[in-house]
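Q: Take a look at the following structure, please.
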Amino acid sequence: MKVLTKIKDSRIFNNNLVLLSLTFVFFIIILIALNPAILKAPYLFMEDGWVFIKEYYKYGLGSFKLTYGGYFDTLSRIFAMIAVSLAKLTNSAVVLANTIKWLSIFFSAFVVTYFTSNNFEKIIKSRFKRIIISGLTIILISNFAWLLYNGVAIHWWCGLLIFYVSLNLLQDKMPSYVMLPIILISIISTASSMILGFALMYYVFKKIDFKKPLNTIKNIGKNSLIKLILMGLFLLFQAYAILFITDVETLIKIDLSFNHLLEVIKYSLLLLISSINFVFGTDTFLALNSSKLNILAGSILWITVICLAIKTKTLKYCLLVILDIFLLYFMINFKKVEFIEFYNEIMSYAYQTWYHSLPASFVFIGITIILFHLGLKSNAFKSIEITFLIFAAFFFIRNINHPELETSQKILEIEPFVDFNNNIYAHVPISPPHLNVSVTIPVSEDYCLENTCYDSIN
């Protein structure tokens with residue numbers, strides 16, 4: 001016992017940077033443990049190959065001004081830029097694939113590590129509990145298809161980071177200047193960053209001096225004002241892209257009538273109500289949907305959670321979760337012409353629908369915050385939070401989704417023929433194979449003797 005006490009009281013284990021570094025490594029281990037085969041697989045997925053890498057080949061830094069999927073994917077393009085640069089230096093397609101894979105793993109681990117930092121002590125005081133929540137959040141996100149180990153899905157992790165920032169803003173806490181560049185990049189990397197608007201408005205509203213409006217700026221403070229303006233500008237820039245530079249169905253192309261808007265709100269509310277059922281796993285979510293009990297079960301759970309939030313004085317966190325989830329689903333539905341058909345689709349194949357990943361994560365984190373505040377009232381309530389985490393772990397672990405890694409063999413097969421100094425290209429299949437997607441790789445002329453090659457990037 002004396003040894004354990006000395007370790008606990010040592011400077012090393014009281015050093016915040018050391019603890020964060022160890023936690024970061026721990027989460028990397030979790031990410032790898034979910035799919036150990038990922039270590040050996042030069043995994044490339046979907047748009048990483050035929051959009052981000054390909055467009056960086058063709059346009060270089062000019063590719064950063066392009067949108068894809070209706071918004072800027074800045075971090076995905078940064079991953080592609082680094083991957084292509086290292087691949088050229090090493091003349092390796094394996095390096096190309098592995099760079100994006102590891103950058104994705106590192107960023108995902110970094111995002112959940114942020115929640116374990118001292119910045120969130122006012123929300124959940126125990127770092128250990130925040131580590132448990134973050135670890136389970138990783139596993140929960142893994143329940144949805146294709147959200148790990150690739151640059152395409154990294155925007156969902158950016159959305160999670162924005163949610164963490166929002167939680168801190170409710171506590172009157174601005175991010176540090178160290179975190180600010182990463183947060184700004186995340187804002188212009190995901191459409192989900194729009195949720196930050198609620199927290200920013202709350203932060204400003206709390207600072208307003210209605211009797212002496214000119215004191216508002218003084219209340220905010222110089223440093224916070226700079227951060228507030230930067231986040232607001234980046235948010236507006238992403239919003240502009242979503243509304244006016246989008247390459248998907250835009251607001252101009254859909255029905256803007258009042259009746260249509262009411263229908264979109266209705267189905268977004270139905271998705272919001274159902275989203276809380278994800279705390280019992282994606283399989284339970286689907287079972288409740290198929291038995292037509294999803295709205296009843298969701299309503300009961302939401303009413304219970306809201307009552308507990310009022311009791312524990314954590315209602316602002318609960319309302320943030322509700323508003324954020326509603327906005328995410330509203331954004332998805334509003335740009336869909338056949339959104340009712342889309343609603344039925346994503347309610348039937350939840351495990352494959354990445355649109356549910358952030359709502360599910362927000363619900364889980366929100367409930368744990370409320371339960372941990374409940375546990376502060378008495379030891380009897382602590383058993384409730386422990387029981388909840390045990391059941392959550394059970395439901396999440398049994399629904400882990402595994403990426404298709406067999407296609408990675410194609411990258412290994414072409415590796416001996418890679419030649420980044422050549423202007424002859426081959427299309428190499430990448431995951432998932434059933435969608436017939438590929439990455440363009442420069443190859444030597446020997447490869448073209450028995451395989452199809454191209455003299456331009458297309």
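Letters A, B, ... go to the chains of the structure tokens in the order shown; residues in each chain start at 1; ligands are counted from 1 in the same order.
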As a VMD selection string, please: every residue in segment 26-239 of chain A that DSSP puts in alpha helix (DSSP H).

A: chain A and resid 26 to 34 47 54 to 59 74 to 90 93 to 114 127 to 141 154 to 170 180 to 187 196 to 207 215 to 220 222 to 239

Q: Compile the contact shell of Ser274 of chain A as JSON, numbers by chain: residues with an atom at most 7 Å away, counting only C-alpha atoms, same-chain residues fewer than 4 positions apart removed.

A: {"A": [270, 294, 295, 298]}

Q: Counting only C-alpha atoms, which residue out of A:Ser299, A:Asn150, A:Thr314, A:Ser193 sits closest to Lys122 of chain A?

A: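 Checking each candidate against Lys122 of chain A, we get A:Thr314 as the closest.
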
Q: Could you check the closest approach to Val305 of chain A for each of A:Ile367, A:Ile346, A:Ala393, A:Leu293 and tell me which residue wins, using only C-alpha atoms?

A: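 Closest residue, counting only C-alpha atoms: A:Ile367.
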
Q: Which residues are close to segment 90-107 of chain A, i.e. within 7 Å by only C-alpha atoms, leaving aside same-chain residues fewer than 5 positions away? Reply as a list in words.

A: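 These residues fall inside the cut-off: Ile28, Pro42, Tyr43, Leu44, Phe79, Ala80, Ala83, Val84, Tyr149, Asn150, Gly151, Ile154, Ile411, Leu412, Glu415, Val418, Asp419 and Phe420 of chain A.
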
Q: Of the candidates A:Leu376, A:Ala309, A:Ile369, A:Leu320, which one gets nearest to Leu170 of chain A if we count only C-alpha atoms?

A: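 So, comparing all the options, the nearest one is A:Leu320.
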
Q: Please determine, counting only C-alpha atoms, which residue among A:Asn259, A:Ser166, A:Ser348, A:Asn16 has the shortest atom-to-atom distance to Lys292 of chain A.

A: A:Ser348

Q: Which one is closest to Met347 of chain A: A:Leu228, A:Ile220, A:Leu288, A:Ala109? Count only C-alpha atoms.

A: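 The shortest atom-to-atom distance to Met347 of chain A comes from A:Leu288.
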
Q: Write out as a PyMOL selection string each polymer residue whose atoms come within 10 Å of Gly159 of chain A, counting only C-alpha atoms; drop sequence neighbours fewer than 6 positions from it.

A: chain A and resi 111+165+183+186-187+189-196+358

Q: Keeping only N, CA, C and O atoms, write the selected residues as an mmCIF file, in the first residue's frame.

A:
data_model
loop_
_atom_site.group_PDB
_atom_site.id
_atom_site.type_symbol
_atom_site.label_atom_id
_atom_site.label_comp_id
_atom_site.auth_asym_id
_atom_site.auth_seq_id
_atom_site.Cartn_x
_atom_site.Cartn_y
_atom_site.Cartn_z
ATOM 1 N N VAL A 111 -8.734 13.605 -29.655
ATOM 2 C CA VAL A 111 -10.034 14.224 -29.367
ATOM 3 C C VAL A 111 -10.584 13.746 -28.028
ATOM 4 O O VAL A 111 -10.981 14.552 -27.182
ATOM 5 N N VAL A 165 -15.885 21.344 -26.841
ATOM 6 C CA VAL A 165 -15.683 22.788 -26.713
ATOM 7 C C VAL A 165 -16.973 23.461 -26.253
ATOM 8 O O VAL A 165 -16.962 24.363 -25.404
ATOM 9 N N ILE A 183 -9.055 23.531 -33.084
ATOM 10 C CA ILE A 183 -10.503 23.743 -33.072
ATOM 11 C C ILE A 183 -10.951 24.471 -34.334
ATOM 12 O O ILE A 183 -11.967 24.105 -34.942
ATOM 13 N N SER A 186 -10.944 22.129 -37.147
ATOM 14 C CA SER A 186 -12.083 21.212 -37.003
ATOM 15 C C SER A 186 -13.376 21.876 -37.459
ATOM 16 O O SER A 186 -14.233 21.228 -38.067
ATOM 17 N N ILE A 187 -13.532 23.161 -37.158
ATOM 18 C CA ILE A 187 -14.745 23.886 -37.558
ATOM 19 C C ILE A 187 -14.912 23.866 -39.073
ATOM 20 O O ILE A 187 -16.020 23.668 -39.587
ATOM 21 N N SER A 189 -13.797 21.686 -41.063
ATOM 22 C CA SER A 189 -13.614 20.315 -41.554
ATOM 23 C C SER A 189 -14.894 19.500 -41.468
ATOM 24 O O SER A 189 -14.926 18.357 -41.921
ATOM 25 N N THR A 190 -15.949 20.065 -40.878
ATOM 26 C CA THR A 190 -17.164 19.288 -40.680
ATOM 27 C C THR A 190 -18.403 20.177 -40.670
ATOM 28 O O THR A 190 -18.379 21.285 -40.113
ATOM 29 N N ALA A 191 -19.464 19.685 -41.265
ATOM 30 C CA ALA A 191 -20.742 20.392 -41.201
ATOM 31 C C ALA A 191 -21.295 20.369 -39.784
ATOM 32 O O ALA A 191 -22.089 21.235 -39.391
ATOM 33 N N SER A 192 -20.869 19.391 -38.993
ATOM 34 C CA SER A 192 -21.330 19.264 -37.614
ATOM 35 C C SER A 192 -20.895 20.432 -36.744
ATOM 36 O O SER A 192 -21.413 20.617 -35.638
ATOM 37 N N SER A 193 -19.938 21.231 -37.223
ATOM 38 C CA SER A 193 -19.458 22.370 -36.433
ATOM 39 C C SER A 193 -20.557 23.396 -36.187
ATOM 40 O O SER A 193 -20.432 24.236 -35.291
ATOM 41 N N MET A 194 -21.657 23.311 -36.946
ATOM 42 C CA MET A 194 -22.751 24.266 -36.757
ATOM 43 C C MET A 194 -23.336 24.202 -35.346
ATOM 44 O O MET A 194 -23.933 25.167 -34.875
ATOM 45 N N ILE A 195 -23.149 23.068 -34.667
ATOM 46 C CA ILE A 195 -23.672 22.948 -33.301
ATOM 47 C C ILE A 195 -22.995 23.925 -32.349
ATOM 48 O O ILE A 195 -23.548 24.268 -31.299
ATOM 49 N N LEU A 196 -21.799 24.393 -32.714
ATOM 50 C CA LEU A 196 -21.070 25.315 -31.857
ATOM 51 C C LEU A 196 -21.826 26.626 -31.673
ATOM 52 O O LEU A 196 -21.634 27.332 -30.684
ATOM 53 N N LEU A 358 -22.699 10.787 -33.968
ATOM 54 C CA LEU A 358 -22.586 11.932 -33.062
ATOM 55 C C LEU A 358 -23.792 12.052 -32.125
ATOM 56 O O LEU A 358 -23.607 12.260 -30.916
#

Q: Taking 4 positions as the minimum chain separation for residues in the same chain, which residues sit within 12 Å of segment 446-450 of chain A when counting only C-alpha atoms? Answer as a compact mmCIF listing (two decimals) with N, CA, C and O atoms, in the first residue's frame.

A:
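Wrote around_27.txt, looks like this:
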# COMPACT_ATOMS: atom_id res chain seq x y z
N GLU A 413 0.51 -5.53 -53.01
CA GLU A 413 0.87 -6.16 -54.28
C GLU A 413 1.50 -5.18 -55.26
O GLU A 413 2.39 -5.54 -56.04
N ILE A 414 1.05 -3.94 -55.24
CA ILE A 414 1.57 -2.97 -56.21
C ILE A 414 2.83 -2.26 -55.70
O ILE A 414 3.55 -1.60 -56.47
N GLU A 415 3.16 -2.44 -54.44
CA GLU A 415 4.29 -1.73 -53.82
C GLU A 415 5.60 -1.87 -54.61
O GLU A 415 6.32 -0.88 -54.79
N PRO A 416 5.97 -3.08 -55.10
CA PRO A 416 7.26 -3.20 -55.83
C PRO A 416 7.31 -2.39 -57.13
O PRO A 416 8.40 -2.14 -57.66
N PHE A 417 6.14 -1.97 -57.63
CA PHE A 417 6.09 -1.28 -58.92
C PHE A 417 5.86 0.23 -58.78
O PHE A 417 5.77 0.94 -59.78
N VAL A 418 5.78 0.71 -57.57
CA VAL A 418 5.49 2.14 -57.34
C VAL A 418 6.66 3.00 -57.82
O VAL A 418 7.82 2.69 -57.55
N ASP A 419 6.33 4.08 -58.53
CA ASP A 419 7.36 5.01 -59.00
C ASP A 419 6.76 6.42 -59.07
O ASP A 419 6.13 6.79 -60.05
N ASN A 422 7.42 8.79 -62.03
CA ASN A 422 6.88 8.45 -63.34
C ASN A 422 5.50 9.09 -63.52
O ASN A 422 4.80 9.37 -62.55
N ILE A 424 3.03 7.62 -65.22
CA ILE A 424 2.13 6.54 -65.62
C ILE A 424 1.41 6.08 -64.35
O ILE A 424 2.02 5.92 -63.30
N TYR A 425 0.08 5.88 -64.45
CA TYR A 425 -0.70 5.64 -63.24
C TYR A 425 -1.54 4.37 -63.34
O TYR A 425 -1.98 3.98 -64.42
N ALA A 426 -1.74 3.76 -62.18
CA ALA A 426 -2.61 2.60 -62.08
C ALA A 426 -3.70 2.90 -61.06
O ALA A 426 -3.50 3.66 -60.12
N HIS A 427 -4.85 2.28 -61.27
CA HIS A 427 -5.95 2.41 -60.31
C HIS A 427 -5.96 1.16 -59.42
O HIS A 427 -6.18 0.05 -59.91
N ILE A 441 -2.18 5.44 -58.28
CA ILE A 441 -0.78 5.27 -57.83
C ILE A 441 0.16 5.36 -59.04
O ILE A 441 -0.04 4.67 -60.04
N PRO A 442 1.20 6.21 -58.99
CA PRO A 442 2.20 6.24 -60.07
C PRO A 442 3.01 4.93 -60.06
O PRO A 442 3.44 4.47 -59.00
N TYR A 454 -2.57 4.31 -67.10
CA TYR A 454 -3.11 5.54 -67.67
C TYR A 454 -1.99 6.58 -67.70
O TYR A 454 -1.12 6.60 -66.83
N ASP A 455 -2.04 7.46 -68.69
CA ASP A 455 -1.00 8.47 -68.81
C ASP A 455 -1.39 9.81 -68.15
O ASP A 455 -0.70 10.81 -68.28

Q: Quick one: everything within 12 Å of segment 379-390 of chain A, counting only C-alpha atoms, minus sequence neighbours fewer than 5 positions away in the same chain. Send it as JSON, numbers by chain.

A: {"A": [129, 130, 132, 133, 134, 135, 136, 137, 279, 280, 308, 312, 364, 365, 367, 368, 369, 370, 371, 372, 373, 374, 395, 396, 397]}

Q: Can those selected residues be exported to a file as a PDB file, in the first residue's frame so that it contains N, CA and C atoms?

A:
ATOM      1  N   LYS A 129     -12.986   8.951 -14.193  1.00  0.00           N
ATOM      2  CA  LYS A 129     -14.324   8.765 -14.760  1.00  0.00           C
ATOM      3  C   LYS A 129     -14.379   9.294 -16.189  1.00  0.00           C
ATOM      4  N   ARG A 130     -13.706  10.417 -16.440  1.00  0.00           N
ATOM      5  CA  ARG A 130     -13.684  10.964 -17.790  1.00  0.00           C
ATOM      6  C   ARG A 130     -12.911  10.062 -18.748  1.00  0.00           C
ATOM      7  N   ILE A 132     -12.858   6.762 -18.451  1.00  0.00           N
ATOM      8  CA  ILE A 132     -13.802   5.665 -18.711  1.00  0.00           C
ATOM      9  C   ILE A 132     -14.835   6.087 -19.752  1.00  0.00           C
ATOM     10  N   ILE A 133     -15.389   7.290 -19.584  1.00  0.00           N
ATOM     11  CA  ILE A 133     -16.386   7.788 -20.539  1.00  0.00           C
ATOM     12  C   ILE A 133     -15.788   7.896 -21.936  1.00  0.00           C
ATOM     13  N   SER A 134     -14.580   8.423 -22.031  1.00  0.00           N
ATOM     14  CA  SER A 134     -13.930   8.592 -23.333  1.00  0.00           C
ATOM     15  C   SER A 134     -13.641   7.249 -23.996  1.00  0.00           C
ATOM     16  N   GLY A 135     -13.179   6.292 -23.198  1.00  0.00           N
ATOM     17  CA  GLY A 135     -12.922   4.956 -23.739  1.00  0.00           C
ATOM     18  C   GLY A 135     -14.186   4.323 -24.281  1.00  0.00           C
ATOM     19  N   LEU A 136     -15.281   4.464 -23.544  1.00  0.00           N
ATOM     20  CA  LEU A 136     -16.560   3.905 -23.996  1.00  0.00           C
ATOM     21  C   LEU A 136     -17.099   4.672 -25.204  1.00  0.00           C
ATOM     22  N   THR A 137     -16.792   5.969 -25.288  1.00  0.00           N
ATOM     23  CA  THR A 137     -17.213   6.752 -26.463  1.00  0.00           C
ATOM     24  C   THR A 137     -16.538   6.237 -27.725  1.00  0.00           C
ATOM     25  N   VAL A 279     -28.125   4.317 -26.203  1.00  0.00           N
ATOM     26  CA  VAL A 279     -27.385   3.969 -24.980  1.00  0.00           C
ATOM     27  C   VAL A 279     -27.511   2.482 -24.673  1.00  0.00           C
ATOM     28  N   PHE A 280     -28.441   1.797 -25.330  1.00  0.00           N
ATOM     29  CA  PHE A 280     -28.591   0.351 -25.176  1.00  0.00           C
ATOM     30  C   PHE A 280     -28.018  -0.404 -26.374  1.00  0.00           C
ATOM     31  N   LEU A 308     -33.972  14.215 -14.140  1.00  0.00           N
ATOM     32  CA  LEU A 308     -32.714  14.057 -13.399  1.00  0.00           C
ATOM     33  C   LEU A 308     -31.809  15.264 -13.598  1.00  0.00           C
ATOM     34  N   THR A 312     -30.323  17.597 -10.646  1.00  0.00           N
ATOM     35  CA  THR A 312     -28.878  17.743 -10.435  1.00  0.00           C
ATOM     36  C   THR A 312     -28.335  19.085 -10.925  1.00  0.00           C
ATOM     37  N   PHE A 364     -24.895   9.717 -24.870  1.00  0.00           N
ATOM     38  CA  PHE A 364     -24.138   8.953 -23.872  1.00  0.00           C
ATOM     39  C   PHE A 364     -23.360   9.873 -22.942  1.00  0.00           C
ATOM     40  N   ILE A 365     -22.652  10.830 -23.490  1.00  0.00           N
ATOM     41  CA  ILE A 365     -21.853  11.752 -22.672  1.00  0.00           C
ATOM     42  C   ILE A 365     -22.762  12.595 -21.777  1.00  0.00           C
ATOM     43  N   ILE A 367     -25.793  11.890 -20.614  1.00  0.00           N
ATOM     44  CA  ILE A 367     -26.362  11.084 -19.528  1.00  0.00           C
ATOM     45  C   ILE A 367     -25.321  10.813 -18.448  1.00  0.00           C
ATOM     46  N   THR A 368     -24.091  10.540 -18.847  1.00  0.00           N
ATOM     47  CA  THR A 368     -23.052  10.269 -17.838  1.00  0.00           C
ATOM     48  C   THR A 368     -22.776  11.511 -16.993  1.00  0.00           C
ATOM     49  N   ILE A 369     -22.804  12.682 -17.612  1.00  0.00           N
ATOM     50  CA  ILE A 369     -22.606  13.925 -16.849  1.00  0.00           C
ATOM     51  C   ILE A 369     -23.701  14.067 -15.789  1.00  0.00           C
ATOM     52  N   ILE A 370     -24.936  13.828 -16.193  1.00  0.00           N
ATOM     53  CA  ILE A 370     -26.069  13.939 -15.263  1.00  0.00           C
ATOM     54  C   ILE A 370     -25.976  12.905 -14.147  1.00  0.00           C
ATOM     55  N   LEU A 371     -25.643  11.664 -14.511  1.00  0.00           N
ATOM     56  CA  LEU A 371     -25.561  10.601 -13.504  1.00  0.00           C
ATOM     57  C   LEU A 371     -24.410  10.828 -12.535  1.00  0.00           C
ATOM     58  N   PHE A 372     -23.293  11.351 -13.013  1.00  0.00           N
ATOM     59  CA  PHE A 372     -22.168  11.605 -12.107  1.00  0.00           C
ATOM     60  C   PHE A 372     -22.490  12.737 -11.132  1.00  0.00           C
ATOM     61  N   HIS A 373     -23.264  13.708 -11.570  1.00  0.00           N
ATOM     62  CA  HIS A 373     -23.708  14.748 -10.646  1.00  0.00           C
ATOM     63  C   HIS A 373     -24.722  14.184  -9.647  1.00  0.00           C
ATOM     64  N   LEU A 374     -25.506  13.233 -10.101  1.00  0.00           N
ATOM     65  CA  LEU A 374     -26.445  12.557  -9.200  1.00  0.00           C
ATOM     66  C   LEU A 374     -25.686  11.761  -8.147  1.00  0.00           C
ATOM     67  N   PHE A 395     -23.314  -3.301 -23.931  1.00  0.00           N
ATOM     68  CA  PHE A 395     -24.037  -3.043 -25.180  1.00  0.00           C
ATOM     69  C   PHE A 395     -23.103  -2.577 -26.287  1.00  0.00           C
ATOM     70  N   PHE A 396     -22.137  -1.726 -25.954  1.00  0.00           N
ATOM     71  CA  PHE A 396     -21.250  -1.168 -26.978  1.00  0.00           C
ATOM     72  C   PHE A 396     -20.270  -2.211 -27.499  1.00  0.00           C
ATOM     73  N   ILE A 397     -19.694  -3.002 -26.597  1.00  0.00           N
ATOM     74  CA  ILE A 397     -18.680  -3.983 -26.997  1.00  0.00           C
ATOM     75  C   ILE A 397     -19.270  -5.054 -27.905  1.00  0.00           C
TER      76      ILE A 397
END

Q: Extract, using only C-alpha atoms, all DNA, RNA and protein residues at most 10 Å from Leu236 of chain A, discarding same-chain residues fewer than 4 positions from it, and format them as a ChimeraX atom specification.

A: /A:187-188,194,197,230-232,240-242

Q: Hey, can you check how far atom CA of Ser117 of chain A sits from atom CA of Leu20 of chain A?

A: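 Calculated distance between atom CA of Ser117 of chain A and atom CA of Leu20 of chain A is 6.7 Å.
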
Q: Would you please work out which residue, of A:Asn421, A:Ala33, A:Leu22, A:Val152, is nearest to Val51 of chain A when using only C-alpha atoms?

A: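 Checking each candidate against Val51 of chain A, we get A:Val152 as the closest.
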